[in-house]
Amino acid sequence: MTTVRPQDPAGPWLLRTEHTVYAVRLGGEGRWAELAAWGPHGAETGPSPLDRSRRTHFITPADAAPAEYIPYGLRPFTGADLTVRRPGGERGLWWAFTGAHYDEGIALRLEFTDRPTGLRTTLRYATVPGTDVLLRWTELHNAGTEPLHLERLDSAGVTVPVQGGARLTYLAGQWSQEFGRHQLDLTRGRFEMASTQGAPGHAYAPWLAVQDAADADGPAYGVALEWSGNWHITADAEPGGAVRVRAGRVPHEGAVVLQPGGSLDTPRLACAFSPEGLDGLSRVWHRYERRLAGERLHRTRKVLYNSWEATGFGVEADAQLELAVIAAGLGVELFVVDDGWFTGRHDEKGGLGDWRPDPAAFPAGFDDFIGKIRATGLEFGLWVEPEAISPASRLYAEHPDWVYRIEGRPATLVREQLLLDLGRNDVQEFVIGTLDRLLTGHDISYLKWDMNRPPTERGRPGAGPAGELDLDAAHVAGYLRVLDHLRDRHPQVTVEGCAGGGGRIEHATLARTDVVWSSDNTAPLDRLAIQYGYLHAHAPHTMSSWVTDAPGVFDPRPRSLAFRFVLAAAGVLGIGADLRHWTAEQRAEATGWVARYKQERDVIHHGEARLLGTPADAGCGVQYDAPGGDRTVVAAWSTGRLDGAPLVPGRAVRLRLRGLDPGARYRDTATGTEYSGAHLLHYGLPLAWTADHDAELVTLVRQ
Ligand code: GLA
């Protein structure tokens, strides 16, 4: 790495991704770094769109600057990224630039030092090869002599110039309603999303897209925070026609104390750009997540059966085997026993922490049961909630000090349970030991890791002043350590991430799991909306989805078995229905769908995915193009907003495909119909919905 101190502060450092450039320069006579350009290659040549008149009234120049990362003190009014307080002293930093390390086009470090406190802040930039993602984070080092209280310690700030206000797209909801896609136009003021639930939470995904409201089909900028704990993202629409987005951790104790000699890295903020709007942006994120999966992307994600919705807490070997035999007959590859398999777990009240198979559920022994499941040809998987503990458990009786608590305060129960302090080393060792025992002692190839309650009364008595414990970061580190251990020690085990549905889905989790459970809501039309939002931010190969018997929770209109299968096949197919009650016809149809999915899953998991229409349109779908473009799979659903056909005059719904070769011919493998690429791009793929025909999985092969 070369060390470069720019001779000319106006001359920017350029970071280049596949199709994007991100240009940073010094501003304010070298007191801060600011964004000069972010867009397609070449966008850096010309006057910066973020340049302003430089005249500022009633604010400081720093307040108006498109600052990359700037402390409170230097930027007193319009929002800082870092707020530092000296105990008994002032609140604020007035730092100076002290050096840059530039790995041309690929990585950059910019260092700023505040001499009175001794705080050294390094802005880090790293491009991600093969993607249009730039990672940004910040390193903080206290080289001074007194502890520093970091009240705000964001990862990064990014500025997007807009002419008609900012069109913000975000994913919001609540338990069983995750990933609803919302949009608002922000012309002035502040937008904020946050979680203090020790996890990203169900209310908001730590993900935001920004476009110019004057050109809402135009370029899209996105950020996503890689952090499994408390977080916030804010967007400030500034007077000068720009929106500044800041993202980072939220310290549970109000501040993180950085002791003399101490260092801290903020979480990474992934910054993505696409000239092709939200659709293009989603593909940037998909590609990034395929990269996050590393070599494990190429492991086949098996079709699973999970018995939770069929049997609930009433796990009992014979009934499970009956389900397994039917599932195996449908072509399912993996059988997962969910909650309810361990001692004391008859309902929500007990058992968590005592991770031993319940002898009453498996009278001939757990290994005998697993052996019988495997004899049907299925692999075997198990549900665990390693961070949870039931007050009635043996573990709690033995280690009451392992849970979060505050001396002299009541302990709030959520879902009848408490939470282990996974930041403690002994708790991490217990969890690792438990998982090692289960995974080495039994023939288990799949683990669903759940977490069903956020921390309350978050304290660790006897561990020092509460304000000096960074419990949120400690929990995240413990969680990631155990996930890393699973990958290292049990690489053959596929891991599914879950937190009461989609409560903990972000890049740190996605990098260490193979799939995630986006929601507990498996009702067809509700799930369609959830998956539609989910796929804006996350890749299909991560999206575990089941066909169930569930009626609509928010939309009770019935949907066909085909609809449910095509919907679950849009990601990683599973079945969660009570198969014992399915008719021979239903089972035969299911067998066909499972076989069909197996033929197409390589395209669904490895291809480029495009969202077609929305759940509010008559037709809604996802198009998956195989790498190279020789095969295209379209999953399409009727949302129920029919145009009248065939009862009254009407025409088939058309889904306009994208990205095909207009001059090529494409053949529907089921019907033999041939289309030109131009036809599919211009008119779209026809889908003649009726009340009974409400979904299709179409395969088009390029001739
Ligand atoms: C959570 C999960 C579900 C299921 C139950 C079991 O709600 O999201 O999928 O595992 O717990 O208690």
# chains A, B, ... in the order shown; residues from 1 in each chain; ligands from 1
>>> residues_near_ligand(ligand="ligand 1", cutoff="6 Å", atoms="only C-alpha atoms and all ligand atoms", output="ChimeraX atom specification")
/A:338-339,498-501,520
>>> select_by_dssp(residues="region 270-381 of chain A", states="helix (DSSP H, G or I)", output="ChimeraX atom specification")
/A:277-292,294-298,308-311,317-330,366-375
>>> closest_residue(among="A:Phe97, A:Phe342, A:Val653, A:Ala584", to="Asp617 (chain A)", atoms="only C-alpha atoms")
A:Val653
>>> closest_residue(among="A:Asp185, A:Glu589, A:Asp354, A:Glu398", to="Ala214 (chain A)", atoms="only C-alpha atoms")
A:Asp185
>>> atom_distance(atom1="CA of Trp546 (chain A)", atom2="CA of Ala209 (chain A)")
28.3 Å
>>> residues_around(residues="Arg641 (chain A)", least_positions_apart="3", cutoff="8 Å", atoms="only C-alpha atoms", output="list in words")
Ala616, Asp617, Ala618, Gly619 and Ser638 of chain A
>>> select_by_dssp(residues="region 60-169 of chain A", states="strand (DSSP E or B)", output="number ranges by chain")
A: 67, 71, 73, 82-85, 91, 93, 96-103, 105, 107-114, 119-127, 133-142, 148-161, 166-169
>>> closest_residue(among="A:Val133, A:Val210, A:Ala156, A:Leu561", to="His232 (chain A)", atoms="only C-alpha atoms")
A:Ala156
>>> residues_around(residues="Gly377 (chain A)", least_positions_apart="3", cutoff="8 Å", atoms="only C-alpha atoms", output="number ranges by chain")
A: 328, 333, 373-374
>>> closest_residue(among="A:Ala595, A:Val158, A:Val495, A:Val698", to="Arg667 (chain A)", atoms="only C-alpha atoms")
A:Val698
>>> residues_around(residues="region 470-477 of chain A", least_positions_apart="6", cutoff="8 Å", atoms="only C-alpha atoms", output="MDAnalysis selection string")
chainID A and resid 198 227:230 251:253 256:257 421:424 458:459
>>> closest_residue(among="A:Gly381, A:Pro66, A:Pro40, A:Gly105", to="Lys448 (chain A)", atoms="only C-alpha atoms")
A:Gly381
>>> closest_residue(among="A:Phe563, A:Phe369, A:Phe380, A:Phe273", to="Val332 (chain A)", atoms="only C-alpha atoms")
A:Phe380
>>> residues_around(residues="Glu385 (chain A)", least_positions_apart="3", cutoff="8 Å", atoms="only C-alpha atoms", output="tab-separated table (two decimals) with N, CA and C atoms, in the first residue's frame")
chain	number	residue	atom	x	y	z
A	352	LEU	N	-36.43	-24.11	27.48
A	352	LEU	CA	-35.33	-23.42	26.78
A	352	LEU	C	-34.08	-23.39	27.65
A	388	ALA	N	-31.87	-18.34	24.28
A	388	ALA	CA	-33.06	-18.23	25.12
A	388	ALA	C	-32.96	-19.12	26.34
A	449	TRP	N	-31.50	-21.70	13.66
A	449	TRP	CA	-31.16	-20.91	14.85
A	449	TRP	C	-32.18	-19.79	14.98
A	450	ASP	N	-32.96	-19.87	16.03
A	450	ASP	CA	-34.04	-18.91	16.24
A	450	ASP	C	-33.69	-17.98	17.40
A	451	MET	N	-34.40	-16.88	17.51
A	451	MET	CA	-34.27	-15.96	18.65
A	451	MET	C	-35.61	-15.24	18.76
A	452	ASN	N	-36.29	-15.48	19.88
A	452	ASN	CA	-37.68	-15.04	19.96
A	452	ASN	C	-37.98	-13.94	20.95
